[in-house]
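A.B. asks: Sharing a structure, written as structure tokens. Questions coming.
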Amino acid sequence: MRVLDWPGKSPVSDGLPAHPAVYHMLDVAAVVEQLIVPHGFAPPLREALVLLVALHDLGKLSDSFRAMLDGALAQGPRHWELTEVLLHQNDACLAGRIGGDPDLRLQLYAAVAGHHGKPPSLALGTLPKPPRIRDYLSALRHVGSGADPAAEVIAAFCDLWPRASLEGLDLAEAVRLSWWLPGLCACADWIGSNTRWFSAQAPGPGLAEYLTQARRVAAIAVAEAGLGGSTPQTGPLFDFALRPMQAACADLSLPDGPMLAVIEDETGVGKTEAAMILAHRMAFAGKGRGLYFALPTMATADAMFVRAGRIVGNIFAAPTLTLAHGRAGLSAEFRDLVLGGARGEDEPSCTDWLAESRRRALLADVGVGTIDQALMAVLPVKHQALRHFGLSSKILIVDEVHEMGEAYIAKELERLLQMHRASGGSAILLTATLPLSLREKLLAIYGGRNDSPAYPALTVAGGAARSDFAPDPRPVKGPVTVARIETVEAAVEQLVALAGQGAACVFVRNSVDEAIAAWADLRARGIPARLLHARFARCDRKRIEAEVLATVGKAGQGRASFVLVGTQVLESSLDLDFDVMISDLAPIAALIQRAGRLWRHMSERPAANRPVATPMLHVLSPDSAVVTDDRWLRGTLGRGAWVYDLADQWRTAKVLFAAGRIEAPHGLRALIEAVHGEGAEAVPEVLIRAETEALGKAAAARTQALHNLVDLARGYRDGGGASPDTSYPTRLGGPTRTLVLARQTAAGLVPWAEGADLSPAEAWALSEVSARAARLDTLPLPDQTLPQIVAVTRDWPEWKRTEVRLCPVSDDGTICAGLRYDRDCGLVFEGVTS
């Protein structure tokens with residue numbers, strides 16, 4: 001049987017030919033030839049990798065795959081696993097043509113066979129003795145009459161890339177490539193399988209002739225998919241006078257090779273712009289051909305996407321730009337970019353192909369998304385290698401890196417940087433409050449260190465460490481005075497009084513329930529306070545965020561006497577500016593972040609225009625000198641007492657009230673280290689048990705992270721995995737449950753979210769709200785078998801019907817006994833007690 005007689009897939013419709021498997025393999029190889037060029041491999045190795053990727057679907061030349069196309073039930077190994085078997089079977093031929101150590105070739109065979117997002121799992125043993133393995137012999141029986149044609153294809157493909165060679169490649173490099181190659185192969189396979197570009201063709205042209213044809217198509221396909229790449233633009237990025245950290249990034253000496261830079265400075269001084277300036281220079285130095293901005297939350301990613309859209313066209317020429325998180329489709333700015341295409345010669349755009357999947361989003365020239373999308377590159381989940389491949393060519397910019405100091409996510413970040421550096425990638429970390437111990441761990445990954453406690457600081461691993469910044473001539477707010485406030489009642493009184501003076505005020509609570517209670521207290525006192533927390537339906541949260549930004553954002557209007565009550569969502573997601581802040585006690589890093597929202601925009605609102613004389617942070621806290629038991633915080637903060645480690649909160653209270661102020665930037669390091677540093681003060685004896693339990697949980701989290709992370713040293717086949725994303729969380733925490741809110745109408749249930757410009761899918765997605773599963777599971781949520789609910793959910797996928805609850809909201813807000821929803825205060829658990 002001729003090699004062209006083996007189909008690669010069934011005809012897409014009657015009357016059309018079945019595209020031969022070898023033609024498809026050459027389609028993919030032609031795409032890889034386009035994608036691999038910028039990665040700088042020596043020509044012999046580059047051709048060897050192209051050759052191996054070309055053989056990625058060799059297992060389709062098998063009796064079992066042909067039978068499946070003819071309608072038989074799939075039996076035995078899948079075709080990509082048969083690919084690995086056939087490469088093993090023909091290893092002698094490949095060894096004679098491309099060379100390399102047997103163990104090295106084994107790593108690469110598994111890598112190309114694992115292009116469907118999972119490493120092959122047959123027990124093949126190690127070269128050169130696989131025939132002793134039962135799975136190997138069984139697999140060969142499923143190949144059947146395809147064995148000889150497969151050998152013929154290998155020989156013919158070797159002739160198409162005659163310079164292919166693995167000579168000079170060592171095993172360590174092959175192990176590194178084994179993590180990268182499946183992602184390259186998967187990306188090329190997606191493009192090479194797309195009939196928009198590669199239409200089915202009946203057997204005819206010879207392999208060399210067909211490859212020439214495929215190369216012409218591949219050049220077009222890669223460009224139209226948005227993967228053609230971009231080049232750095234010359235000229236300055238910004239038209240304003242640079243601030244000290246930004247100026248330092250503009251003239252810092254860059255070391256050779258992959259680099260890690262850590263930018264430490266107070267909030268609101270333009271660290272993001274500093275990172276962009278540095279990344280621009282790094283791109284010109286060949287340290288990356290794109291960017292990925294990794295943010296702590298979807299809200300911060302959405303905000304950064306808007307900012308990035310205005311500037312990345314100055315960094316790269318006409319780059320592709322994507323938003324990468326689970327709710328990217330709900331971003332109006334992202335939808336406009338996808339629908340509108342490029343808005344100018346050098347402005348960013350996004351192709352339909354890139355926008356189809358958040359996994360593909362990491363392949364764009366510039367991606368903006370959550371840190372979670374990047375962290376899945378080091379978890380054993382399906383298409384982990386694709387994410388790694390997408391990130392490998394990027395300068396990785398991780399913002400708010402101090403938020404990743406929790407034990408589990410810190411280990412993930414370390415592994416991500418290890419993998420990124422191994423593939424030649426560079427990174428920039430941004431932080432206001434990073435403890436020195438974590439900074440040292442991260443710098444060490446790139447072979448650097450900085451023992452100096454100086455702050456602000458710009459540190460390059462293996463290079464310069466700058467702390468000698470010029471003074472900033474612009475107005476500054478000066479030190480923030482800190483005062484303790486004893487009770488919630490006193491806090492509410494203070495807000496009433498200060499709002500009466502015309503001050504824009506904010507009360508930051510540690511828990512949603514306590515925020516709702518404080519908001520209700522203010523309303524009862526005649527203060528029309530607003531409320532913002534994480535338990536709003538997405539549509540209402542977006543609406544409230546927009547209204548708050550319009551009032552107390554940088555260009556806000558009507559801010560006099562405005563009062564906002566919120567939770568941790570205010571720490572980093574919105575660029576807000578308040579005259580007065582009251583906050584629950586929280587660890588010092590969180591309080592510094594919160595205080596960054598005080599007197600934030602001094603150029604727009606100088607001190608003389610403020611209704612209060614100085615910036616002041618009132619902290620709701622008991623006395624740190626009076627600690628009788630481990631319920632020290634409960635009486636003051638209610639449910640908010642258990643959000644953070646008790647020891648960290650006690651140390652914060654002791655250190656902060658003793659200091660009496662937060663002086664940024666030069667006083668921040670001392671405060672951070674006094675709470676989170678290695679020399680932190682011992683806690684009172686009654687808190688030792690709580691601290692010991694917290695340390696135990698942190699140790700367990702680190703252990704869980706090490707168990708969950710991919711093992712880089714073992715290579716993709718043995719160290720990877722293919723579990724669902726949900727099996728390996730990027731963050732620890734109690735499980736949550738999603739409710740989809742609905743309004744009851746005469747025509748049936750309709751989404752809570754309203755808007756003439758919303759599609760039904762968007763409206764239902766914007767009607768979602770989440771809360772802790774442990775609390776929701778105790779309530780009698782609406783019966784999902786009710787006809788009106790089934791009418792909506794019958795078309796949902798099975799997983800969604802299992803995990804998500806559709807909840808009609810009555811006119812008075814009731815969802816069920818113990819639970820209601822209100823557009824101004826969100827999801828409320830009735831009968832909550834402190």
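Labels used: A, B, ... for chains in the order of the structure tokens, numbers from 1 for residues in each chain, and numbers from 1 for ligands as shown.
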Find the residues around range 587-594 of chain A up to 10 Å (only C-alpha atoms counted), leave out those fewer than 4 positions away in its own chain, and share them as a PyMOL selection string.
C.D. replies: chain A and resi 266-268+400+402-403+432-435+480+506+508+567-572+581-583+598+617+619+644-653+655-656+662-664+668+671-676
A.B. asks: Going by DSSP on the backbone, which bits of range 413-448 of chain A are alpha helix (DSSP H)? Write them as a ChimeraX atom specification, please.
C.D. replies: /A:413-422,436-445
A.B. asks: With C-alpha atoms kept, could you save the residues just selected as an mmCIF file, in the first residue's frame?
C.D. replies:
```
data_model
loop_
_atom_site.group_PDB
_atom_site.id
_atom_site.type_symbol
_atom_site.label_atom_id
_atom_site.label_comp_id
_atom_site.auth_asym_id
_atom_site.auth_seq_id
_atom_site.Cartn_x
_atom_site.Cartn_y
_atom_site.Cartn_z
ATOM 1 C CA LEU A 413 6.456 31.063 40.841
ATOM 2 C CA GLU A 414 9.922 29.693 41.594
ATOM 3 C CA ARG A 415 9.339 26.726 39.288
ATOM 4 C CA LEU A 416 7.917 28.993 36.572
ATOM 5 C CA LEU A 417 11.044 31.152 36.653
ATOM 6 C CA GLN A 418 13.258 28.047 36.629
ATOM 7 C CA MET A 419 11.516 26.749 33.531
ATOM 8 C CA HIS A 420 11.513 30.160 31.882
ATOM 9 C CA ARG A 421 15.217 30.665 32.436
ATOM 10 C CA ALA A 422 16.012 27.145 31.193
ATOM 11 C CA LEU A 436 14.015 40.135 51.395
ATOM 12 C CA SER A 437 13.968 36.367 51.881
ATOM 13 C CA LEU A 438 11.634 35.836 48.928
ATOM 14 C CA ARG A 439 13.586 38.317 46.808
ATOM 15 C CA GLU A 440 16.748 36.307 47.431
ATOM 16 C CA LYS A 441 15.095 33.033 46.397
ATOM 17 C CA LEU A 442 13.846 34.526 43.160
ATOM 18 C CA LEU A 443 17.125 36.243 42.299
ATOM 19 C CA ALA A 444 19.036 33.010 42.952
ATOM 20 C CA ILE A 445 17.114 31.273 40.157
#
```
A.B. asks: Quick one: residues within 6 Å of range 211-220 of chain A, only C-alpha atoms counted, chain neighbours fewer than 6 positions away excluded, as an NGL selection string?
C.D. replies: :A and (26-27 or 30-31)
A.B. asks: Let me see the file: selected residues, C-alpha atoms, as a compact mmCIF listing (two decimals), in the first residue's frame.
C.D. replies:
```
# COMPACT_ATOMS: atom_id res chain seq x y z
CA LEU A 26 4.12 17.98 5.81
CA ASP A 27 1.58 20.77 6.36
CA ALA A 30 5.96 23.62 6.89
CA VAL A 31 4.30 25.60 9.68
```
A.B. asks: Quick one: DSSP strand (DSSP E or B) residues in range 554-720 of chain A, as a PyMOL selection string?
C.D. replies: chain A and resi 563-566+576+578+580-584+598+616-620+661-662
A.B. asks: Restrict the selected residues to N, CA and C atoms and save them as a short mmCIF file (atom, residue, chain, number, x, y, z; two decimals), in the first residue's frame.
C.D. replies:
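Generated output (part-v4.cif):
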```cif
data_model
loop_
_atom_site.label_atom_id
_atom_site.label_comp_id
_atom_site.auth_asym_id
_atom_site.auth_seq_id
_atom_site.Cartn_x
_atom_site.Cartn_y
_atom_site.Cartn_z
N VAL A 563 -18.19 58.17 50.01
CA VAL A 563 -17.75 57.13 50.95
C VAL A 563 -17.90 55.78 50.28
N LEU A 564 -16.83 54.99 50.32
CA LEU A 564 -16.83 53.64 49.76
C LEU A 564 -16.45 52.66 50.85
N VAL A 565 -17.19 51.56 50.91
CA VAL A 565 -16.82 50.44 51.78
C VAL A 565 -16.43 49.29 50.87
N GLY A 566 -15.27 48.68 51.13
CA GLY A 566 -14.82 47.60 50.25
C GLY A 566 -13.99 46.58 51.00
N LEU A 576 -7.47 54.17 42.50
CA LEU A 576 -8.35 55.06 43.25
C LEU A 576 -7.54 56.01 44.13
N PHE A 578 -8.16 58.41 47.63
CA PHE A 578 -9.03 58.84 48.73
C PHE A 578 -8.30 59.86 49.60
N VAL A 580 -9.19 60.05 52.94
CA VAL A 580 -9.18 59.43 54.26
C VAL A 580 -9.41 57.93 54.10
N MET A 581 -8.70 57.12 54.91
CA MET A 581 -8.91 55.67 54.88
C MET A 581 -9.01 55.13 56.30
N ILE A 582 -9.99 54.25 56.49
CA ILE A 582 -10.05 53.40 57.68
C ILE A 582 -9.93 51.98 57.19
N SER A 583 -9.11 51.17 57.84
CA SER A 583 -8.91 49.79 57.41
C SER A 583 -8.89 48.85 58.59
N ASP A 584 -9.47 47.67 58.39
CA ASP A 584 -9.25 46.60 59.35
C ASP A 584 -7.75 46.31 59.44
N LEU A 598 -4.32 56.27 49.33
CA LEU A 598 -4.47 57.56 50.02
C LEU A 598 -3.65 58.63 49.30
N MET A 616 -4.06 60.26 56.39
CA MET A 616 -4.10 59.51 57.64
C MET A 616 -4.78 58.18 57.43
N LEU A 617 -4.17 57.14 57.99
CA LEU A 617 -4.72 55.79 57.95
C LEU A 617 -5.17 55.42 59.36
N HIS A 618 -6.47 55.24 59.53
CA HIS A 618 -7.01 54.77 60.81
C HIS A 618 -7.15 53.25 60.71
N VAL A 619 -6.54 52.54 61.64
CA VAL A 619 -6.55 51.08 61.59
C VAL A 619 -7.42 50.55 62.72
N LEU A 620 -8.44 49.79 62.32
CA LEU A 620 -9.34 49.17 63.30
C LEU A 620 -8.64 47.96 63.89
N ARG A 661 3.47 55.80 61.77
CA ARG A 661 3.30 56.31 60.42
C ARG A 661 3.90 55.33 59.41
N ILE A 662 3.46 55.49 58.19
CA ILE A 662 4.04 54.78 57.05
C ILE A 662 4.73 55.82 56.19
#
```
